[in-house]
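The next block is query08.pdb, given as PDB, C-alpha atoms.
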```
ATOM      1  CA  MET A   1     -67.025 -11.257  10.063
ATOM      2  CA  ASP A   2     -68.721 -11.803   6.690
ATOM      3  CA  ARG A   3     -72.128 -10.102   6.776
ATOM      4  CA  LEU A   4     -73.718 -13.348   5.597
ATOM      5  CA  THR A   5     -72.959 -15.013   8.929
ATOM      6  CA  ASP A   6     -75.071 -12.421  10.720
ATOM      7  CA  PHE A   7     -78.163 -14.211   9.447
ATOM      8  CA  GLY A   8     -79.545 -17.473  10.813
ATOM      9  CA  THR A   9     -80.679 -20.687   9.156
ATOM     10  CA  PRO A  10     -80.080 -20.659   5.388
ATOM     11  CA  ALA A  11     -83.103 -19.688   3.344
ATOM     12  CA  LEU A  12     -81.429 -21.576   0.483
ATOM     13  CA  ALA A  13     -78.661 -24.159   0.549
ATOM     14  CA  ALA A  14     -77.302 -25.289  -2.842
ATOM     15  CA  ASN A  15     -74.771 -28.104  -2.816
ATOM     16  CA  GLY A  16     -72.992 -29.286  -5.950
ATOM     17  CA  LEU A  17     -75.836 -28.280  -8.263
ATOM     18  CA  ALA A  18     -75.289 -29.296 -11.879
ATOM     19  CA  HIS A  19     -77.471 -29.272 -14.960
ATOM     20  CA  ARG A  20     -76.770 -30.284 -18.508
ATOM     21  CA  TYR A  21     -78.655 -29.341 -21.680
ATOM     22  CA  GLY A  22     -77.464 -31.960 -24.145
ATOM     23  CA  ASP A  23     -73.730 -31.388 -24.513
ATOM     24  CA  THR A  24     -73.847 -28.053 -22.692
ATOM     25  CA  MET A  25     -73.108 -27.948 -18.961
ATOM     26  CA  ALA A  26     -75.219 -25.018 -17.779
ATOM     27  CA  LEU A  27     -74.357 -25.514 -14.106
ATOM     28  CA  ASP A  28     -71.270 -27.284 -12.857
ATOM     29  CA  GLY A  29     -71.037 -28.027  -9.140
ATOM     30  CA  VAL A  30     -72.600 -24.832  -7.778
ATOM     31  CA  THR A  31     -72.490 -24.558  -3.990
ATOM     32  CA  PHE A  32     -73.554 -21.548  -1.887
ATOM     33  CA  GLU A  33     -76.053 -20.410   0.731
ATOM     34  CA  VAL A  34     -78.539 -17.575   1.098
ATOM     35  CA  GLY A  35     -78.814 -16.534   4.742
ATOM     36  CA  GLU A  36     -82.240 -16.056   6.261
ATOM     37  CA  GLY A  37     -83.193 -12.420   5.718
ATOM     38  CA  ALA A  38     -80.121 -11.752   3.548
ATOM     39  CA  PHE A  39     -79.917 -10.178   0.109
ATOM     40  CA  THR A  40     -77.750 -12.343  -2.122
ATOM     41  CA  ALA A  41     -76.905 -11.217  -5.652
ATOM     42  CA  LEU A  42     -76.223 -13.853  -8.291
ATOM     43  CA  LEU A  43     -73.932 -11.903 -10.611
ATOM     44  CA  GLY A  44     -72.847 -13.051 -14.044
ATOM     45  CA  PRO A  45     -73.186 -12.474 -17.777
ATOM     46  CA  ASN A  46     -75.905 -13.953 -19.946
ATOM     47  CA  GLY A  47     -75.312 -17.676 -20.321
ATOM     48  CA  SER A  48     -73.550 -18.027 -16.963
ATOM     49  CA  GLY A  49     -76.259 -20.291 -15.541
ATOM     50  CA  LYS A  50     -78.232 -17.822 -13.405
ATOM     51  CA  THR A  51     -81.674 -18.563 -14.848
ATOM     52  CA  THR A  52     -81.055 -22.318 -14.851
ATOM     53  CA  LEU A  53     -80.206 -22.150 -11.166
ATOM     54  CA  LEU A  54     -83.349 -20.171 -10.345
ATOM     55  CA  ARG A  55     -85.480 -22.613 -12.317
ATOM     56  CA  ILE A  56     -84.064 -25.482 -10.260
ATOM     57  CA  VAL A  57     -84.651 -23.673  -6.965
ATOM     58  CA  SER A  58     -88.223 -22.835  -7.983
ATOM     59  CA  THR A  59     -88.867 -26.556  -8.799
ATOM     60  CA  LEU A  60     -89.391 -25.896 -12.513
ATOM     61  CA  LEU A  61     -86.310 -27.886 -13.517
ATOM     62  CA  LYS A  62     -84.677 -30.988 -12.052
ATOM     63  CA  PRO A  63     -80.914 -30.828 -11.518
ATOM     64  CA  THR A  64     -78.652 -33.324 -13.228
ATOM     65  CA  ALA A  65     -76.729 -33.629  -9.967
ATOM     66  CA  GLY A  66     -76.507 -32.022  -6.537
ATOM     67  CA  THR A  67     -79.151 -30.771  -4.150
ATOM     68  CA  ALA A  68     -80.962 -27.588  -3.196
ATOM     69  CA  ALA A  69     -83.088 -26.943  -0.121
ATOM     70  CA  VAL A  70     -85.331 -23.975   0.666
ATOM     71  CA  LEU A  71     -85.736 -23.485   4.418
ATOM     72  CA  GLY A  72     -84.841 -27.137   4.853
ATOM     73  CA  HIS A  73     -87.227 -28.433   2.161
ATOM     74  CA  ASP A  74     -85.530 -30.329  -0.664
ATOM     75  CA  VAL A  75     -86.586 -29.008  -4.069
ATOM     76  CA  GLN A  76     -87.040 -32.515  -5.461
ATOM     77  CA  ALA A  77     -88.320 -34.434  -2.447
ATOM     78  CA  ASP A  78     -90.730 -31.758  -1.167
ATOM     79  CA  PRO A  79     -91.562 -29.373  -4.034
ATOM     80  CA  GLN A  80     -94.942 -28.292  -2.617
ATOM     81  CA  ALA A  81     -93.360 -27.036   0.603
ATOM     82  CA  VAL A  82     -90.692 -25.236  -1.432
ATOM     83  CA  ARG A  83     -93.302 -23.477  -3.555
ATOM     84  CA  ARG A  84     -95.194 -22.328  -0.468
ATOM     85  CA  SER A  85     -91.959 -20.810   0.829
ATOM     86  CA  LEU A  86     -91.058 -19.017  -2.403
ATOM     87  CA  GLY A  87     -92.010 -15.854  -4.209
ATOM     88  CA  VAL A  88     -90.760 -15.719  -7.799
ATOM     89  CA  VAL A  89     -90.423 -12.821 -10.233
ATOM     90  CA  PHE A  90     -89.008 -13.808 -13.607
ATOM     91  CA  GLN A  91     -87.503 -11.597 -16.310
ATOM     92  CA  SER A  92     -90.729 -10.687 -18.098
ATOM     93  CA  PRO A  93     -93.917  -9.783 -16.202
ATOM     94  CA  ALA A  94     -96.502 -12.520 -16.738
ATOM     95  CA  LEU A  95     -99.621 -10.537 -15.994
ATOM     96  CA  ASP A  96    -103.116 -11.070 -17.375
ATOM     97  CA  LYS A  97    -103.671  -7.773 -19.168
ATOM     98  CA  LEU A  98    -107.447  -8.040 -18.802
ATOM     99  CA  LEU A  99    -107.313  -8.101 -15.004
ATOM    100  CA  THR A 100    -107.034  -5.049 -12.788
ATOM    101  CA  VAL A 101    -104.214  -4.708 -10.292
ATOM    102  CA  ASP A 102    -106.564  -5.568  -7.419
ATOM    103  CA  GLU A 103    -107.924  -8.622  -9.262
ATOM    104  CA  THR A 104    -104.424  -9.834 -10.083
ATOM    105  CA  LEU A 105    -103.448  -9.899  -6.416
ATOM    106  CA  ARG A 106    -106.721 -11.454  -5.276
ATOM    107  CA  VAL A 107    -106.437 -14.273  -7.833
ATOM    108  CA  GLN A 108    -102.935 -15.010  -6.574
ATOM    109  CA  ALA A 109    -104.217 -15.112  -3.000
ATOM    110  CA  ALA A 110    -106.933 -17.578  -4.016
ATOM    111  CA  LEU A 111    -104.366 -19.839  -5.667
ATOM    112  CA  TYR A 112    -102.578 -20.100  -2.323
ATOM    113  CA  GLY A 113    -105.776 -20.875  -0.439
ATOM    114  CA  MET A 114    -105.980 -17.633   1.497
ATOM    115  CA  SER A 115    -109.361 -16.745   3.008
ATOM    116  CA  ARG A 116    -111.181 -13.742   1.567
ATOM    117  CA  PRO A 117    -110.698 -11.551   4.649
ATOM    118  CA  GLU A 118    -107.005 -12.493   4.842
ATOM    119  CA  ALA A 119    -106.547 -11.870   1.109
ATOM    120  CA  ALA A 120    -108.353  -8.520   1.240
ATOM    121  CA  ALA A 121    -106.173  -7.287   4.089
ATOM    122  CA  ARG A 122    -102.973  -8.481   2.408
ATOM    123  CA  VAL A 123    -103.915  -6.869  -0.933
ATOM    124  CA  VAL A 124    -104.564  -3.505   0.715
ATOM    125  CA  GLU A 125    -101.241  -3.821   2.558
ATOM    126  CA  LEU A 126     -99.282  -4.577  -0.635
ATOM    127  CA  LEU A 127    -101.015  -1.895  -2.699
ATOM    128  CA  GLY A 128     -99.926   0.669  -0.147
ATOM    129  CA  ALA A 129     -96.393  -0.692   0.214
ATOM    130  CA  PHE A 130     -95.832  -0.682  -3.550
ATOM    131  CA  GLY A 131     -97.448   2.675  -4.273
ATOM    132  CA  LEU A 132    -100.223   1.060  -6.310
ATOM    133  CA  SER A 133    -103.336   2.098  -4.382
ATOM    134  CA  ASP A 134    -104.233   4.807  -6.894
ATOM    135  CA  VAL A 135    -104.133   2.343  -9.811
ATOM    136  CA  SER A 136    -105.683  -0.681  -8.075
ATOM    137  CA  GLY A 137    -108.761  -0.572 -10.349
ATOM    138  CA  ARG A 138    -106.753  -0.108 -13.541
ATOM    139  CA  LYS A 139    -106.167  -3.025 -15.908
ATOM    140  CA  THR A 140    -102.521  -4.037 -15.988
ATOM    141  CA  ARG A 141    -102.284  -3.403 -19.731
ATOM    142  CA  HIS A 142    -102.703   0.311 -19.021
ATOM    143  CA  LEU A 143     -99.832   0.508 -16.513
ATOM    144  CA  SER A 144     -96.312   1.777 -17.096
ATOM    145  CA  GLY A 145     -93.429  -0.682 -17.234
ATOM    146  CA  GLY A 146     -92.345   0.207 -13.721
ATOM    147  CA  GLN A 147     -95.861  -0.180 -12.357
ATOM    148  CA  ARG A 148     -96.264  -3.592 -14.018
ATOM    149  CA  ARG A 149     -92.991  -4.688 -12.453
ATOM    150  CA  ARG A 150     -94.196  -3.635  -9.022
ATOM    151  CA  VAL A 151     -97.492  -5.497  -9.548
ATOM    152  CA  ASP A 152     -95.504  -8.591 -10.533
ATOM    153  CA  LEU A 153     -93.409  -8.253  -7.387
ATOM    154  CA  ALA A 154     -96.471  -7.698  -5.187
ATOM    155  CA  ARG A 155     -98.140 -10.756  -6.697
ATOM    156  CA  GLY A 156     -95.127 -12.887  -5.803
ATOM    157  CA  LEU A 157     -95.409 -11.724  -2.184
ATOM    158  CA  VAL A 158     -99.127 -12.149  -1.547
ATOM    159  CA  HIS A 159     -98.650 -15.450   0.323
ATOM    160  CA  ARG A 160     -95.847 -14.064   2.546
ATOM    161  CA  PRO A 161     -92.952 -16.171   1.216
ATOM    162  CA  ARG A 162     -89.689 -16.483   3.156
ATOM    163  CA  LEU A 163     -87.454 -16.425   0.062
ATOM    164  CA  LEU A 164     -87.921 -14.171  -2.955
ATOM    165  CA  LEU A 165     -86.299 -15.133  -6.269
ATOM    166  CA  LEU A 166     -85.720 -12.308  -8.765
ATOM    167  CA  ASP A 167     -84.448 -13.065 -12.269
ATOM    168  CA  GLU A 168     -83.056  -9.891 -13.890
ATOM    169  CA  PRO A 169     -86.048  -8.028 -12.422
ATOM    170  CA  THR A 170     -85.171  -4.552 -13.717
ATOM    171  CA  THR A 171     -84.683  -5.521 -17.360
ATOM    172  CA  ALA A 172     -86.123  -2.807 -19.643
ATOM    173  CA  LEU A 173     -86.814  -0.420 -16.753
ATOM    174  CA  ASP A 174     -85.508   3.140 -16.886
ATOM    175  CA  PRO A 175     -83.160   4.309 -14.086
ATOM    176  CA  ALA A 176     -85.933   5.970 -12.108
ATOM    177  CA  ALA A 177     -88.146   2.870 -12.218
ATOM    178  CA  ARG A 178     -85.165   0.692 -11.289
ATOM    179  CA  ALA A 179     -84.493   2.850  -8.240
ATOM    180  CA  VAL A 180     -88.123   2.661  -7.095
ATOM    181  CA  PHE A 181     -88.162  -1.114  -7.596
ATOM    182  CA  TRP A 182     -85.091  -1.678  -5.400
ATOM    183  CA  GLN A 183     -86.284   0.779  -2.757
ATOM    184  CA  THR A 184     -89.446  -1.314  -2.531
ATOM    185  CA  VAL A 185     -87.522  -4.582  -2.273
ATOM    186  CA  HIS A 186     -85.208  -3.297   0.453
ATOM    187  CA  ALA A 187     -88.118  -1.841   2.435
ATOM    188  CA  LEU A 188     -89.840  -5.208   2.180
ATOM    189  CA  ARG A 189     -86.766  -7.017   3.483
ATOM    190  CA  ARG A 190     -86.576  -4.633   6.405
ATOM    191  CA  ASP A 191     -90.274  -4.872   7.282
ATOM    192  CA  GLU A 192     -90.965  -8.575   6.635
ATOM    193  CA  GLY A 193     -87.528 -10.188   6.955
ATOM    194  CA  ILE A 194     -87.662 -11.868   3.563
ATOM    195  CA  ALA A 195     -84.481 -13.327   2.077
ATOM    196  CA  VAL A 196     -83.793 -12.306  -1.530
ATOM    197  CA  LEU A 197     -81.812 -14.066  -4.254
ATOM    198  CA  ALA A 198     -81.541 -11.774  -7.279
ATOM    199  CA  ALA A 199     -79.915 -12.768 -10.553
ATOM    200  CA  THR A 200     -78.368  -9.772 -12.287
ATOM    201  CA  HIS A 201     -75.602  -8.717 -14.647
ATOM    202  CA  LEU A 202     -75.656  -5.141 -13.317
ATOM    203  CA  LEU A 203     -72.762  -4.257 -11.028
ATOM    204  CA  ASP A 204     -74.548  -1.478  -9.138
ATOM    205  CA  GLU A 205     -77.347  -3.870  -8.157
ATOM    206  CA  ALA A 206     -74.869  -6.469  -6.894
ATOM    207  CA  GLU A 207     -72.924  -3.858  -4.913
ATOM    208  CA  THR A 208     -75.907  -3.323  -2.577
ATOM    209  CA  ALA A 209     -76.111  -7.010  -1.618
ATOM    210  CA  ASP A 210     -75.048  -8.601   1.669
ATOM    211  CA  HIS A 211     -73.532 -11.456  -0.292
ATOM    212  CA  VAL A 212     -72.472 -11.905  -3.920
ATOM    213  CA  VAL A 213     -72.105 -15.172  -5.814
ATOM    214  CA  ILE A 214     -70.364 -14.628  -9.151
ATOM    215  CA  LEU A 215     -71.186 -17.216 -11.803
ATOM    216  CA  ASP A 216     -69.332 -17.759 -15.060
ATOM    217  CA  ARG A 217     -69.960 -20.619 -17.483
ATOM    218  CA  GLY A 218     -71.932 -22.486 -14.871
ATOM    219  CA  ARG A 219     -69.352 -22.288 -12.086
ATOM    220  CA  VAL A 220     -68.961 -20.174  -8.977
ATOM    221  CA  VAL A 221     -65.803 -18.098  -9.498
ATOM    222  CA  ALA A 222     -66.177 -15.850  -6.435
ATOM    223  CA  ASP A 223     -68.387 -15.928  -3.357
ATOM    224  CA  GLY A 224     -68.546 -13.502  -0.430
ATOM    225  CA  ALA A 225     -69.528 -10.063   0.802
ATOM    226  CA  PRO A 226     -68.886  -7.368  -1.853
ATOM    227  CA  GLY A 227     -66.433  -5.520   0.398
ATOM    228  CA  ALA A 228     -64.472  -8.680   1.157
ATOM    229  CA  LEU A 229     -64.257  -9.622  -2.514
ATOM    230  CA  ARG A 230     -62.951  -6.175  -3.413
ATOM    231  CA  ALA A 231     -60.547  -6.069  -0.482
ATOM    232  CA  ALA A 232     -58.960  -9.343  -1.598
ATOM    233  CA  LEU A 233     -57.654  -7.487  -4.672
ATOM    234  CA  GLY A 234     -56.078  -4.695  -2.620
ATOM    235  CA  GLU A 235     -57.131  -1.096  -2.089
ATOM    236  CA  GLU A 236     -55.772  -0.023  -5.481
ATOM    237  CA  THR A 237     -54.604  -2.181  -8.347
ATOM    238  CA  LEU A 238     -52.584  -1.526 -11.483
ATOM    239  CA  TRP A 239     -53.961  -3.135 -14.635
ATOM    240  CA  LEU A 240     -51.698  -3.335 -17.701
ATOM    241  CA  ASP A 241     -52.961  -4.023 -21.206
ATOM    242  CA  VAL A 242     -49.905  -5.440 -22.973
ATOM    243  CA  ASP A 243     -48.781  -7.511 -25.952
ATOM    244  CA  ASP A 244     -47.426 -10.395 -23.862
ATOM    245  CA  ALA A 245     -48.987 -10.698 -20.409
ATOM    246  CA  GLU A 246     -46.907 -13.674 -19.325
ATOM    247  CA  ALA A 247     -43.635 -11.879 -20.023
ATOM    248  CA  VAL A 248     -44.701  -8.749 -18.146
ATOM    249  CA  ALA A 249     -46.118 -10.732 -15.211
ATOM    250  CA  THR A 250     -42.863 -12.668 -14.941
ATOM    251  CA  ALA A 251     -40.875  -9.436 -14.902
ATOM    252  CA  PHE A 252     -43.026  -8.033 -12.076
ATOM    253  CA  ALA A 253     -43.132 -11.317 -10.107
ATOM    254  CA  PRO A 254     -44.141 -12.064  -7.435
ATOM    255  CA  ASP A 255     -46.450  -9.027  -7.402
ATOM    256  CA  ALA A 256     -48.198  -9.657 -10.715
ATOM    257  CA  GLU A 257     -50.292 -12.219 -12.510
ATOM    258  CA  ALA A 258     -51.367 -12.660 -16.109
ATOM    259  CA  VAL A 259     -55.158 -12.551 -15.990
ATOM    260  CA  SER A 260     -55.463 -13.107 -19.749
ATOM    261  CA  PRO A 261     -53.014 -13.275 -22.680
ATOM    262  CA  THR A 262     -52.968  -9.469 -22.811
ATOM    263  CA  LEU A 263     -53.921  -8.345 -19.290
ATOM    264  CA  VAL A 264     -51.721  -8.151 -16.180
ATOM    265  CA  ARG A 265     -52.799  -7.351 -12.632
ATOM    266  CA  VAL A 266     -49.998  -5.792 -10.561
ATOM    267  CA  LEU A 267     -50.410  -5.849  -6.780
ATOM    268  CA  GLY A 268     -48.453  -4.280  -3.970
ATOM    269  CA  ALA A 269     -48.024  -0.788  -2.557
ATOM    270  CA  ALA A 270     -47.699   2.454  -4.547
ATOM    271  CA  PRO A 271     -49.168   1.156  -7.830
ATOM    272  CA  HIS A 272     -48.863   4.612  -9.447
ATOM    273  CA  ARG A 273     -45.074   4.377  -9.250
ATOM    274  CA  ARG A 274     -45.141   1.100 -11.121
ATOM    275  CA  VAL A 275     -46.847   2.685 -14.101
ATOM    276  CA  GLU A 276     -43.649   4.562 -14.954
ATOM    277  CA  GLU A 277     -41.663   1.379 -14.415
ATOM    278  CA  ALA A 278     -43.929  -0.550 -16.782
ATOM    279  CA  TYR A 279     -43.524   1.953 -19.600
ATOM    280  CA  ALA A 280     -39.762   2.210 -18.984
ATOM    281  CA  ARG A 281     -39.288  -1.535 -19.185
ATOM    282  CA  PHE A 282     -41.789  -2.490 -21.890
ATOM    283  CA  GLY A 283     -42.310   0.692 -23.918
ATOM    284  CA  ALA A 284     -44.848   0.541 -26.716
ATOM    285  CA  SER A 285     -45.870  -3.010 -25.833
ATOM    286  CA  VAL A 286     -47.867  -1.447 -22.952
ATOM    287  CA  ARG A 287     -51.052  -0.293 -24.630
ATOM    288  CA  SER A 288     -52.577   1.140 -21.464
ATOM    289  CA  ALA A 289     -52.019   1.311 -17.714
ATOM    290  CA  THR A 290     -54.860   1.939 -15.279
ATOM    291  CA  VAL A 291     -54.791   2.326 -11.499
ATOM    292  CA  ARG A 292     -58.166   2.036  -9.814
ATOM    293  CA  ARG A 293     -59.894   0.956  -6.648
ATOM    294  CA  ALA A 294     -61.118  -2.606  -6.871
ATOM    295  CA  SER A 295     -64.712  -3.170  -7.990
ATOM    296  CA  LEU A 296     -66.843  -6.247  -8.549
ATOM    297  CA  GLU A 297     -65.969  -5.795 -12.228
ATOM    298  CA  ASP A 298     -62.325  -6.314 -11.249
ATOM    299  CA  VAL A 299     -63.246  -9.365  -9.178
ATOM    300  CA  PHE A 300     -64.919 -10.892 -12.231
ATOM    301  CA  LEU A 301     -62.002  -9.870 -14.450
ATOM    302  CA  SER A 302     -59.443 -11.352 -12.081
ATOM    303  CA  ALA A 303     -61.377 -14.622 -11.781
ATOM    304  CA  THR A 304     -62.185 -15.109 -15.464
ATOM    305  CA  GLY A 305     -59.741 -13.022 -17.508
ATOM    306  CA  ARG A 306     -62.670 -11.280 -19.173
ATOM    307  CA  ASN A 307     -64.467  -7.996 -18.643
ATOM    308  CA  LEU A 308     -68.078  -8.445 -17.545
ATOM    309  CA  ARG A 309     -69.381  -5.482 -19.572
ATOM    310  CA  GLU A 310     -67.480  -6.519 -22.697
ATOM    311  CA  HIS A 311     -68.775 -10.056 -22.272
ATOM    312  CA  GLU A 312     -72.331  -8.746 -22.069
ATOM    313  CA  ALA A 313     -71.916  -6.722 -25.236
ATOM    314  CA  SER A 314     -70.431  -9.592 -27.223
TER     315      SER A 314
END
```

What is this file in structure tokens?
Amino acid sequence: MDRLTDFGTPALAANGLAHRYGDTMALDGVTFEVGEGAFTALLGPNGSGKTTLLRIVSTLLKPTAGTAAVLGHDVQADPQAVRRSLGVVFQSPALDKLLTVDETLRVQAALYGMSRPEAAARVVELLGAFGLSDVSGRKTRHLSGGQRRRVDLARGLVHRPRLLLLDEPTTALDPAARAVFWQTVHALRRDEGIAVLAATHLLDEAETADHVVILDRGRVVADGAPGALRAALGEETLWLDVDDAEAVATAFAPDAEAVSPTLVRVLGAAPHRRVEEAYARFGASVRSATVRRASLEDVFLSATGRNLREHEAS
């Protein structure tokens, strides 16, 4: 059973979402669900449509077509109910640098109409959960990058949302700060049952998700639990970088496919033995042969014909 089905009513249901910026189709018929309490990673390179999708879900942008509902509330028909259900953390912390950490959280509580006693209790709770109690009186401009990110996350959770949207939340954080950030998020999910939809281009972040939706050029190219997506490619796969992928794939048919003009994926048992066969049959036209366990990188590569890391660097 896909881990996603272990969760109840969808926290988010997107159906045929599309959005166009002039002549550019940023989203093209995107359909998926985020299970209640689940962690769903929206994986894709820059320009794949991740931020556009999050802006639609958070009611900041109207879709050109399709629908999206948060806990049953349509993002266009009932935006106020959607906003009450959401916590949002965008790429760059948007903190007032003149406010202290404590003041930042209390202002957010006031914006959501929380009473002073309720707000005070919730602020103390979040300061402790995020390891910010010792810096609660410090102005946010004097915090480290990791601390500011945790304040931003805490602020988005003051009103106890049921769905948390994260847009590349660990951008510019060092590895240690990234680890602390995700430990905090996962502890929060465990303790409060919040569903999380996190847009990322980082494979290690997506690997920890219950459910992965891979976006490329505005379309969903893969959708499922990370383990299931990897398993669909086989336990180990042979990848051949060649001069003419179609010719090599035809020669290895039906166990091979040309993923791109120069890349062939060879399936089947004993892939190591097929390395020798590839060099024997195609000689110098085989530039490299790699056998590896399937990863989400391979899932993206198989679906798009491009390497996610190379795409990011381009």

Could you give me, as JSON lines, a per-residue list for segment 119-235 of chain A showing, wherever an atom lies at most 10 Å from an atom of segment 24-31 of chain A, the closest pair of atoms and their distance in Å to one decimal, using only C-alpha atoms and sorting by chain then residue number from low to high?
```
{"residue": "A:Val213", "atom": "CA", "partner": "A:Thr31", "partner_atom": "CA", "distance": 9.6}
{"residue": "A:Leu215", "atom": "CA", "partner": "A:Val30", "partner_atom": "CA", "distance": 8.7}
{"residue": "A:Asp216", "atom": "CA", "partner": "A:Leu27", "partner_atom": "CA", "distance": 9.3}
{"residue": "A:Arg217", "atom": "CA", "partner": "A:Ala26", "partner_atom": "CA", "distance": 6.9}
{"residue": "A:Gly218", "atom": "CA", "partner": "A:Leu27", "partner_atom": "CA", "distance": 4.0}
{"residue": "A:Arg219", "atom": "CA", "partner": "A:Asp28", "partner_atom": "CA", "distance": 5.4}
{"residue": "A:Val220", "atom": "CA", "partner": "A:Val30", "partner_atom": "CA", "distance": 6.0}
{"residue": "A:Val221", "atom": "CA", "partner": "A:Val30", "partner_atom": "CA", "distance": 9.7}
{"residue": "A:Asp223", "atom": "CA", "partner": "A:Thr31", "partner_atom": "CA", "distance": 9.6}
```

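With distances taken over all atoms listed in the file, A:Val34 is the one residue among A:Ala195, A:Ala109, A:Ala154, A:Val34 lying closest to Ala14 of chain A.
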
Residues near segment 50-64 of chain A, anyone? I mean within 7 Å using only C-alpha atoms, not counting same-chain ones fewer than 5 positions away, as a compact mmCIF listing (two decimals) with C-alpha atoms, keeping the file's coordinate frame.
```txt
# COMPACT_ATOMS: atom_id res chain seq x y z
CA LEU A 17 -75.84 -28.28 -8.26
CA ALA A 18 -75.29 -29.30 -11.88
CA HIS A 19 -77.47 -29.27 -14.96
CA ARG A 20 -76.77 -30.28 -18.51
CA LEU A 42 -76.22 -13.85 -8.29
CA VAL A 75 -86.59 -29.01 -4.07
CA PRO A 79 -91.56 -29.37 -4.03
CA ARG A 83 -93.30 -23.48 -3.56
CA ASP A 167 -84.45 -13.06 -12.27
CA ALA A 199 -79.92 -12.77 -10.55
```

| said: Suppose a student applies the PyMOL selection byres ((chain A and resi 131) around 10) to this structure; what residues should they get, written as a PyMOL selection string? | reply: chain A and resi 126-130+132-136+147+150-151+180+184

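Straight-line separation from atom CA of Leu164 of chain A to atom CA of Gly49 of chain A: 18.2 Å.
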
| Residues selected by the PyMOL selection byres ((chain A and resi 239-242) around 9), written as a ChimeraX atom specification | /A:237-238,243-245,248,261-266,275,278,282,284-292

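Taking all atoms listed in the file into account, Ser144 of chain A lies nearest to A:Ala172 out of the set A:Gly66, A:Gly234, A:Ala172, A:Ser260.
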
Can you fill out segment 188-192 of chain A with all heavy atoms and hand it back as a PDB file, keeping the file's coordinate frame?
```
ATOM      1  N   LEU A 188     -89.161  -3.944   1.902  1.00  0.00           N
ATOM      2  CA  LEU A 188     -89.840  -5.208   2.180  1.00  0.00           C
ATOM      3  C   LEU A 188     -88.970  -6.128   3.028  1.00  0.00           C
ATOM      4  O   LEU A 188     -89.433  -6.744   3.986  1.00  0.00           O
ATOM      5  CB  LEU A 188     -90.186  -5.886   0.856  1.00  0.00           C
ATOM      6  CG  LEU A 188     -90.995  -7.168   0.953  1.00  0.00           C
ATOM      7  CD1 LEU A 188     -92.447  -6.825   1.225  1.00  0.00           C
ATOM      8  CD2 LEU A 188     -90.870  -7.962  -0.330  1.00  0.00           C
ATOM      9  N   ARG A 189     -87.697  -6.202   2.693  1.00  0.00           N
ATOM     10  CA  ARG A 189     -86.766  -7.017   3.483  1.00  0.00           C
ATOM     11  C   ARG A 189     -86.710  -6.513   4.920  1.00  0.00           C
ATOM     12  O   ARG A 189     -86.710  -7.295   5.872  1.00  0.00           O
ATOM     13  CB  ARG A 189     -85.359  -6.954   2.882  1.00  0.00           C
ATOM     14  CG  ARG A 189     -85.156  -7.746   1.615  1.00  0.00           C
ATOM     15  CD  ARG A 189     -83.694  -7.684   1.201  1.00  0.00           C
ATOM     16  NE  ARG A 189     -82.838  -8.142   2.271  1.00  0.00           N
ATOM     17  CZ  ARG A 189     -81.783  -7.482   2.744  1.00  0.00           C
ATOM     18  NH1 ARG A 189     -81.457  -6.302   2.248  1.00  0.00           N
ATOM     19  NH2 ARG A 189     -81.055  -7.980   3.713  1.00  0.00           N
ATOM     20  N   ARG A 190     -86.657  -5.220   5.067  1.00  0.00           N
ATOM     21  CA  ARG A 190     -86.576  -4.633   6.405  1.00  0.00           C
ATOM     22  C   ARG A 190     -87.849  -4.910   7.206  1.00  0.00           C
ATOM     23  O   ARG A 190     -87.786  -5.261   8.388  1.00  0.00           O
ATOM     24  CB  ARG A 190     -86.367  -3.126   6.281  1.00  0.00           C
ATOM     25  CG  ARG A 190     -86.243  -2.398   7.624  1.00  0.00           C
ATOM     26  CD  ARG A 190     -86.266  -0.899   7.431  1.00  0.00           C
ATOM     27  NE  ARG A 190     -87.546  -0.438   6.902  1.00  0.00           N
ATOM     28  CZ  ARG A 190     -87.688   0.214   5.749  1.00  0.00           C
ATOM     29  NH1 ARG A 190     -86.649   0.491   4.982  1.00  0.00           N
ATOM     30  NH2 ARG A 190     -88.905   0.599   5.342  1.00  0.00           N
ATOM     31  N   ASP A 191     -89.003  -4.779   6.565  1.00  0.00           N
ATOM     32  CA  ASP A 191     -90.274  -4.872   7.282  1.00  0.00           C
ATOM     33  C   ASP A 191     -90.741  -6.308   7.497  1.00  0.00           C
ATOM     34  O   ASP A 191     -91.396  -6.604   8.496  1.00  0.00           O
ATOM     35  CB  ASP A 191     -91.361  -4.099   6.527  1.00  0.00           C
ATOM     36  CG  ASP A 191     -91.071  -2.609   6.462  1.00  0.00           C
ATOM     37  OD1 ASP A 191     -90.262  -2.127   7.283  1.00  0.00           O
ATOM     38  OD2 ASP A 191     -91.633  -1.938   5.566  1.00  0.00           O
ATOM     39  N   GLU A 192     -90.440  -7.211   6.555  1.00  0.00           N
ATOM     40  CA  GLU A 192     -90.965  -8.575   6.635  1.00  0.00           C
ATOM     41  C   GLU A 192     -89.883  -9.636   6.792  1.00  0.00           C
ATOM     42  O   GLU A 192     -90.194 -10.823   6.957  1.00  0.00           O
ATOM     43  CB  GLU A 192     -91.825  -8.875   5.401  1.00  0.00           C
ATOM     44  CG  GLU A 192     -93.019  -7.942   5.265  1.00  0.00           C
ATOM     45  CD  GLU A 192     -94.057  -8.443   4.273  1.00  0.00           C
ATOM     46  OE1 GLU A 192     -93.920  -9.577   3.773  1.00  0.00           O
ATOM     47  OE2 GLU A 192     -95.021  -7.699   4.015  1.00  0.00           O
TER      48      GLU A 192
END
```
